[in-house]
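Below you'll find the structure, written out as structure tokens, and then a few comments.
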Amino acid sequence: FLVLQEDLQSVANAAPAAFTAAPGERGTIKAKANFNVSEDVAALRKAMEGIGTTEKTLIDILTHRSSSQKQAISKAYEETTNRILVNDLKGDTQGNFENLLVALARPPAVNDAKWLIKAMKGTGTDNSILIEILASRTNKQIKELSAAYAEETKKTLIQNLKTEVSGDFGKAILLLAEGARDESTNVNADKAREDAKALYHAGEKKLGTDESKFIEILCKRSIPHLRQTILEYKNISGKTLQKSIEKEMSGNLEELLVDIVKCVMSTPAYFAEKVYKSMKGAGTDETTLTRVMVSRGEIDMLDIRAEFKKLYQNSLFKEISSDVSGNYGDCLNVICGGED
């Protein structure tokens with residue numbers, strides 16, 4: 001118990017990694033020094049022209065340029081060739097490798113929007129993708145993906161979500177989609193204790209559960225405040241907040257609130273687990289693997305790698321190498337950024 005206590009305390013004291021990391025700081029995909037847009041455009045065109053494709057060039061450029069550099073490349077590519085880079089990538093590659101390169105070439109907000117559109121397409125909704133994206137993104141990222149979503153669909157994300165999600169789960173998802181989480185960095189221990197007590201009385205201490213209290217606190221409060229609240233909760237109830245949520249709730253709402261708690265504790269550990277589960281057992285969930293590697297490549301992949309090693313006693317690089325192969329595997333390993 002003491003060890004856990006210290007662990008929780010160190011989590012509460014740590015800077016909220018990934019929620020504060022600026023792109024490029026803890027990522028493996030970084031801006032290229034001496035970036036030359038016309039050279040890159042020519043190299044990409046050459047790699048895809050004629051018969052056959054030089055995959056190595058495509059991988060090299062798309063994994064060694066920052067997002068803003070890649071947007072400059074896409075713009076210049078269209079101006080120079082009258083062609084759309086993403087369409088050429090689609091025409092020249094296939095399968096998982098194609099999906100990976102296309103996602104690497106797109107702005108992060110467009111990727112998030114496209115993944116959300118796909119999650120809500122047709123009958124039924126892939127709630128786990130809604131949960132992953134909305135639980136892990138910052139306000140700024142949610143505002144940007146909402147703008148990209150509106151541009152793609154001519155409807156707002158909130159409008160479309162209202163037709164897809166309902167009940168307490170729907171309320172929580174819509175709150176997150178507003179991108180209005182408190183962003184103050186000051187933590188008031190008394191207020192955190194009050195919230196911890198409120199959660200305890202809304203769940204463990206009550207016959208039945210007051211879900212709305214959990215939703216309000218977990219979807220609105222700042223990340224540093226929630227870290228302290230999680231610590232206080234353990235002191236009050238003797239249980240972790242995650243365990244209490246798992247006991248008191250079920251279904252999509254449980255998954256969402258648990259994922260928020262995991263992201264509050266450590267976004268990199270949350271994604272390390274996602275990546276691990278996508279490769280565990282028979283077969284690989286390439287869709288999830290691609291989504292996580294691309295969306296975190298420029299943000300916190302170095303931290304995800306470290307967490308992966310800590311959690312699973314194996315390097316992410318080795319795990320990827322033993323699970324996927326070919327150009328797809330090669331490209332993922334470059335994003336992984338090394339063997340340690």
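The way I read the labels, and the way they are meant: chains A, B, ... in the order of the structure tokens, residue 1 as the first residue of every chain, and ligand 1 as the first ligand shown, with later ones counted on from there.
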
Mind running stretch 102-175 of chain A against stretch 62-68 of chain A at 8 Å and telling me each contacting residue's nearest atom pair with the distance in Å (one decimal), counting only C-alpha atoms, chain and number ascending, as JSON lines?
```
{"residue": "A:Leu104", "atom": "CA", "partner": "A:Leu62", "partner_atom": "CA", "distance": 6.1}
{"residue": "A:Ala105", "atom": "CA", "partner": "A:Leu62", "partner_atom": "CA", "distance": 6.4}
{"residue": "A:Arg106", "atom": "CA", "partner": "A:Ser67", "partner_atom": "CA", "distance": 7.8}
{"residue": "A:Pro107", "atom": "CA", "partner": "A:Ser67", "partner_atom": "CA", "distance": 6.2}
{"residue": "A:Pro108", "atom": "CA", "partner": "A:Ser67", "partner_atom": "CA", "distance": 7.5}
```

May I have the residues from that selection written out with all heavy atoms, as a tab-separated table (two decimals), in the first residue's frame?
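As written to disk, selection.tsv reads:
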```
chain	number	residue	atom	x	y	z
A	104	LEU	N	0.15	9.69	-42.30
A	104	LEU	CA	1.36	10.48	-42.03
A	104	LEU	C	1.38	11.77	-42.85
A	104	LEU	O	1.96	12.77	-42.43
A	104	LEU	CB	2.62	9.65	-42.35
A	104	LEU	CG	3.02	8.58	-41.33
A	104	LEU	CD1	4.09	7.66	-41.92
A	104	LEU	CD2	3.53	9.20	-40.03
A	105	ALA	N	0.75	11.74	-44.02
A	105	ALA	CA	0.78	12.90	-44.91
A	105	ALA	C	-0.29	13.94	-44.54
A	105	ALA	O	-0.21	15.09	-44.93
A	105	ALA	CB	0.59	12.46	-46.36
A	106	ARG	N	-1.28	13.51	-43.79
A	106	ARG	CA	-2.38	14.42	-43.44
A	106	ARG	C	-2.11	15.19	-42.16
A	106	ARG	O	-1.41	14.69	-41.28
A	106	ARG	CB	-3.65	13.60	-43.20
A	106	ARG	CG	-4.39	13.19	-44.43
A	106	ARG	CD	-5.72	12.58	-44.02
A	106	ARG	NE	-6.41	12.02	-45.16
A	106	ARG	CZ	-6.97	10.82	-45.18
A	106	ARG	NH1	-6.89	10.04	-44.12
A	106	ARG	NH2	-7.59	10.40	-46.25
A	107	PRO	N	-2.74	16.38	-42.00
A	107	PRO	CA	-2.62	17.09	-40.72
A	107	PRO	C	-3.27	16.26	-39.60
A	107	PRO	O	-4.28	15.59	-39.86
A	107	PRO	CB	-3.40	18.38	-40.94
A	107	PRO	CG	-3.60	18.49	-42.41
A	107	PRO	CD	-3.56	17.12	-42.96
A	108	PRO	N	-2.74	16.32	-38.37
A	108	PRO	CA	-3.29	15.53	-37.27
A	108	PRO	C	-4.80	15.74	-37.06
A	108	PRO	O	-5.53	14.79	-36.81
A	108	PRO	CB	-2.51	16.02	-36.05
A	108	PRO	CG	-1.23	16.55	-36.60
A	108	PRO	CD	-1.55	17.08	-37.97
```

Exercise. Skip A:Ser222 itself and residues of its chain fewer than 4 positions away, then list as a PyMOL selection string all residues within 9 Å of it, counting only C-alpha atoms.
Key: chain A and resi 181-185+187+218+226-227

Quiz item: Between atom CA of A:Lys140 and atom CA of A:Val86, what is the spacing in Å?
Solution: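 Here the two named atoms are 25.0 Å from each other.
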
Quiz item: Which residues, written as a list of chain:residue names, have at least one atom at most 10 Å from A:Ala196, with only C-alpha atoms counted and residues fewer than 3 positions away on the same chain left out?
Solution: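 Once the nearby chain positions are removed, what remains is A:Asp190, A:Lys191, A:Ala192, A:Arg193, A:Leu199, A:Tyr200, A:His201, A:Ala202, A:Phe214, A:Ile217, A:Leu226, A:Gln228, A:Thr229, A:Ile230, A:Leu231, A:Glu232, A:Tyr233, A:Lys234, A:Asn235, A:Ile236, A:Ser237, A:Leu241.
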
Go ahead and save the picked residues with N, CA, C and O atoms, as a PDB file, in the first residue's frame.
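Output (again-v8.pdb):
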```
ATOM      1  N   ASP A 190      -7.627  21.308  -1.219  1.00  0.00           N
ATOM      2  CA  ASP A 190      -8.935  21.231  -0.547  1.00  0.00           C
ATOM      3  C   ASP A 190     -10.053  20.941  -1.553  1.00  0.00           C
ATOM      4  O   ASP A 190     -10.935  20.123  -1.305  1.00  0.00           O
ATOM      5  N   LYS A 191      -9.968  21.635  -2.692  1.00  0.00           N
ATOM      6  CA  LYS A 191     -10.996  21.423  -3.733  1.00  0.00           C
ATOM      7  C   LYS A 191     -10.894  19.997  -4.286  1.00  0.00           C
ATOM      8  O   LYS A 191     -11.897  19.348  -4.582  1.00  0.00           O
ATOM      9  N   ALA A 192      -9.659  19.515  -4.434  1.00  0.00           N
ATOM     10  CA  ALA A 192      -9.449  18.144  -4.928  1.00  0.00           C
ATOM     11  C   ALA A 192     -10.040  17.141  -3.930  1.00  0.00           C
ATOM     12  O   ALA A 192     -10.663  16.153  -4.315  1.00  0.00           O
ATOM     13  N   ARG A 193      -9.851  17.421  -2.647  1.00  0.00           N
ATOM     14  CA  ARG A 193     -10.393  16.546  -1.602  1.00  0.00           C
ATOM     15  C   ARG A 193     -11.924  16.565  -1.645  1.00  0.00           C
ATOM     16  O   ARG A 193     -12.568  15.535  -1.506  1.00  0.00           O
ATOM     17  N   LEU A 199     -17.087  12.154  -5.258  1.00  0.00           N
ATOM     18  CA  LEU A 199     -17.049  10.911  -6.051  1.00  0.00           C
ATOM     19  C   LEU A 199     -17.318   9.699  -5.164  1.00  0.00           C
ATOM     20  O   LEU A 199     -18.043   8.783  -5.543  1.00  0.00           O
ATOM     21  N   TYR A 200     -16.743   9.711  -3.969  1.00  0.00           N
ATOM     22  CA  TYR A 200     -16.922   8.610  -3.033  1.00  0.00           C
ATOM     23  C   TYR A 200     -18.397   8.484  -2.641  1.00  0.00           C
ATOM     24  O   TYR A 200     -18.978   7.401  -2.636  1.00  0.00           O
ATOM     25  N   HIS A 201     -19.025   9.618  -2.377  1.00  0.00           N
ATOM     26  CA  HIS A 201     -20.434   9.605  -1.966  1.00  0.00           C
ATOM     27  C   HIS A 201     -21.371   9.331  -3.145  1.00  0.00           C
ATOM     28  O   HIS A 201     -22.502   8.890  -2.946  1.00  0.00           O
ATOM     29  N   ALA A 202     -20.901   9.589  -4.350  1.00  0.00           N
ATOM     30  CA  ALA A 202     -21.723   9.332  -5.542  1.00  0.00           C
ATOM     31  C   ALA A 202     -21.622   7.881  -6.007  1.00  0.00           C
ATOM     32  O   ALA A 202     -22.420   7.424  -6.825  1.00  0.00           O
ATOM     33  N   PHE A 214     -19.749  11.831 -11.456  1.00  0.00           N
ATOM     34  CA  PHE A 214     -18.514  11.321 -12.076  1.00  0.00           C
ATOM     35  C   PHE A 214     -18.242  12.031 -13.406  1.00  0.00           C
ATOM     36  O   PHE A 214     -17.123  12.437 -13.698  1.00  0.00           O
ATOM     37  N   ILE A 217     -17.179  15.823 -12.901  1.00  0.00           N
ATOM     38  CA  ILE A 217     -15.811  15.999 -12.391  1.00  0.00           C
ATOM     39  C   ILE A 217     -14.772  15.523 -13.396  1.00  0.00           C
ATOM     40  O   ILE A 217     -13.809  16.231 -13.717  1.00  0.00           O
ATOM     41  N   LEU A 226      -7.284  16.758 -11.359  1.00  0.00           N
ATOM     42  CA  LEU A 226      -7.765  15.375 -11.319  1.00  0.00           C
ATOM     43  C   LEU A 226      -6.707  14.421 -10.773  1.00  0.00           C
ATOM     44  O   LEU A 226      -7.022  13.457 -10.085  1.00  0.00           O
ATOM     45  N   GLN A 228      -4.583  15.104  -8.446  1.00  0.00           N
ATOM     46  CA  GLN A 228      -4.650  15.272  -6.994  1.00  0.00           C
ATOM     47  C   GLN A 228      -5.926  14.619  -6.433  1.00  0.00           C
ATOM     48  O   GLN A 228      -5.907  13.988  -5.382  1.00  0.00           O
ATOM     49  N   THR A 229      -7.020  14.749  -7.172  1.00  0.00           N
ATOM     50  CA  THR A 229      -8.294  14.146  -6.761  1.00  0.00           C
ATOM     51  C   THR A 229      -8.171  12.622  -6.673  1.00  0.00           C
ATOM     52  O   THR A 229      -8.681  11.994  -5.742  1.00  0.00           O
ATOM     53  N   ILE A 230      -7.465  12.027  -7.654  1.00  0.00           N
ATOM     54  CA  ILE A 230      -7.264  10.574  -7.668  1.00  0.00           C
ATOM     55  C   ILE A 230      -6.479  10.143  -6.425  1.00  0.00           C
ATOM     56  O   ILE A 230      -6.781   9.131  -5.790  1.00  0.00           O
ATOM     57  N   LEU A 231      -5.502  10.938  -6.086  1.00  0.00           N
ATOM     58  CA  LEU A 231      -4.683  10.663  -4.893  1.00  0.00           C
ATOM     59  C   LEU A 231      -5.543  10.761  -3.620  1.00  0.00           C
ATOM     60  O   LEU A 231      -5.505   9.871  -2.764  1.00  0.00           O
ATOM     61  N   GLU A 232      -6.322  11.823  -3.527  1.00  0.00           N
ATOM     62  CA  GLU A 232      -7.191  12.030  -2.358  1.00  0.00           C
ATOM     63  C   GLU A 232      -8.238  10.917  -2.273  1.00  0.00           C
ATOM     64  O   GLU A 232      -8.607  10.468  -1.190  1.00  0.00           O
ATOM     65  N   TYR A 233      -8.729  10.489  -3.415  1.00  0.00           N
ATOM     66  CA  TYR A 233      -9.757   9.448  -3.452  1.00  0.00           C
ATOM     67  C   TYR A 233      -9.241   8.154  -2.814  1.00  0.00           C
ATOM     68  O   TYR A 233      -9.942   7.502  -2.050  1.00  0.00           O
ATOM     69  N   LYS A 234      -8.007   7.829  -3.135  1.00  0.00           N
ATOM     70  CA  LYS A 234      -7.383   6.613  -2.586  1.00  0.00           C
ATOM     71  C   LYS A 234      -7.288   6.725  -1.053  1.00  0.00           C
ATOM     72  O   LYS A 234      -7.526   5.756  -0.332  1.00  0.00           O
ATOM     73  N   ASN A 235      -6.955   7.908  -0.574  1.00  0.00           N
ATOM     74  CA  ASN A 235      -6.879   8.126   0.884  1.00  0.00           C
ATOM     75  C   ASN A 235      -8.235   7.964   1.562  1.00  0.00           C
ATOM     76  O   ASN A 235      -8.334   7.411   2.651  1.00  0.00           O
ATOM     77  N   ILE A 236      -9.277   8.442   0.897  1.00  0.00           N
ATOM     78  CA  ILE A 236     -10.613   8.405   1.495  1.00  0.00           C
ATOM     79  C   ILE A 236     -11.217   7.002   1.434  1.00  0.00           C
ATOM     80  O   ILE A 236     -11.778   6.516   2.405  1.00  0.00           O
ATOM     81  N   SER A 237     -11.100   6.358   0.268  1.00  0.00           N
ATOM     82  CA  SER A 237     -11.850   5.112   0.085  1.00  0.00           C
ATOM     83  C   SER A 237     -11.009   3.850   0.246  1.00  0.00           C
ATOM     84  O   SER A 237     -11.542   2.754   0.349  1.00  0.00           O
ATOM     85  N   LEU A 241      -9.574   5.070  -7.800  1.00  0.00           N
ATOM     86  CA  LEU A 241     -10.766   5.564  -8.492  1.00  0.00           C
ATOM     87  C   LEU A 241     -11.119   4.636  -9.659  1.00  0.00           C
ATOM     88  O   LEU A 241     -12.286   4.344  -9.904  1.00  0.00           O
TER      89      LEU A 241
END
```

Practice problem: Please run DSSP on the backbone and report, as an MDAnalysis selection string, all residues within stretch 21-241 of chain A that come out as alpha helix (DSSP H). | Solution: chainID A and resid 37:48 55:63 67:81 85:92 95:105 108:119 127:136 139:153 157:164 167:177 189:202 211:220 223:237 241

Which residues come within 9 Å of A:Glu339, counting only C-alpha atoms, excluding same-chain residues fewer than 2 positions away, as a PDB file with N, CA, C and O atoms, in the first residue's frame?
```
ATOM      1  N   SER A 315      10.991  -4.176 -25.688  1.00  0.00           N
ATOM      2  CA  SER A 315      10.993  -2.881 -26.371  1.00  0.00           C
ATOM      3  C   SER A 315       9.881  -2.859 -27.422  1.00  0.00           C
ATOM      4  O   SER A 315       9.546  -3.878 -28.022  1.00  0.00           O
ATOM      5  N   LEU A 316       9.295  -1.699 -27.599  1.00  0.00           N
ATOM      6  CA  LEU A 316       8.224  -1.526 -28.584  1.00  0.00           C
ATOM      7  C   LEU A 316       8.743  -1.891 -29.976  1.00  0.00           C
ATOM      8  O   LEU A 316       8.043  -2.532 -30.767  1.00  0.00           O
ATOM      9  N   PHE A 317       9.977  -1.508 -30.250  1.00  0.00           N
ATOM     10  CA  PHE A 317      10.610  -1.805 -31.543  1.00  0.00           C
ATOM     11  C   PHE A 317      10.606  -3.317 -31.805  1.00  0.00           C
ATOM     12  O   PHE A 317      10.217  -3.787 -32.874  1.00  0.00           O
ATOM     13  N   LYS A 318      11.035  -4.090 -30.807  1.00  0.00           N
ATOM     14  CA  LYS A 318      11.089  -5.560 -30.957  1.00  0.00           C
ATOM     15  C   LYS A 318       9.690  -6.148 -31.117  1.00  0.00           C
ATOM     16  O   LYS A 318       9.467  -7.067 -31.896  1.00  0.00           O
ATOM     17  N   ASN A 333       8.470   0.995 -37.514  1.00  0.00           N
ATOM     18  CA  ASN A 333       9.700   0.978 -36.721  1.00  0.00           C
ATOM     19  C   ASN A 333      10.451   2.299 -36.792  1.00  0.00           C
ATOM     20  O   ASN A 333      11.101   2.702 -35.829  1.00  0.00           O
ATOM     21  N   CYS A 336       8.636   4.433 -34.432  1.00  0.00           N
ATOM     22  CA  CYS A 336       8.994   4.004 -33.068  1.00  0.00           C
ATOM     23  C   CYS A 336      10.316   4.657 -32.665  1.00  0.00           C
ATOM     24  O   CYS A 336      10.501   5.019 -31.507  1.00  0.00           O
ATOM     25  N   GLY A 337      11.205   4.806 -33.632  1.00  0.00           N
ATOM     26  CA  GLY A 337      12.399   5.637 -33.408  1.00  0.00           C
ATOM     27  C   GLY A 337      13.543   4.986 -32.686  1.00  0.00           C
ATOM     28  O   GLY A 337      14.357   5.671 -32.095  1.00  0.00           O
TER      29      GLY A 337
END
```

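The space separating atom CA of A:Gly52 from atom CA of A:Gly91 comes to 11.4 Å.
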
Practice problem: Quick one: pull the distance between atom CA of A:Ala43 and atom CA of A:Asn111, Å, one decimal. | Solution: 24.1 Å

Practice problem: Please identify all polymer residues within 9 Å of A:Lys75, counting only C-alpha atoms, omitting same-chain residues fewer than 4 positions from it, and present them as a count of residues only. | Solution: 6

Practice problem: Extract, using only C-alpha atoms, all DNA, RNA and protein residues at most 12 Å from A:Gln159, discarding same-chain residues fewer than 5 positions from it, and format them as JSON, numbers by chain. | Solution: {"A": [146, 149, 150, 153, 154, 164, 165, 174, 177, 178]}

Quiz item: Smallest atom-to-atom distance to A:Lys220: which of A:Asn139, A:Gln242, A:Ser278, A:Gln94, using only C-alpha atoms?
Solution: A:Asn139
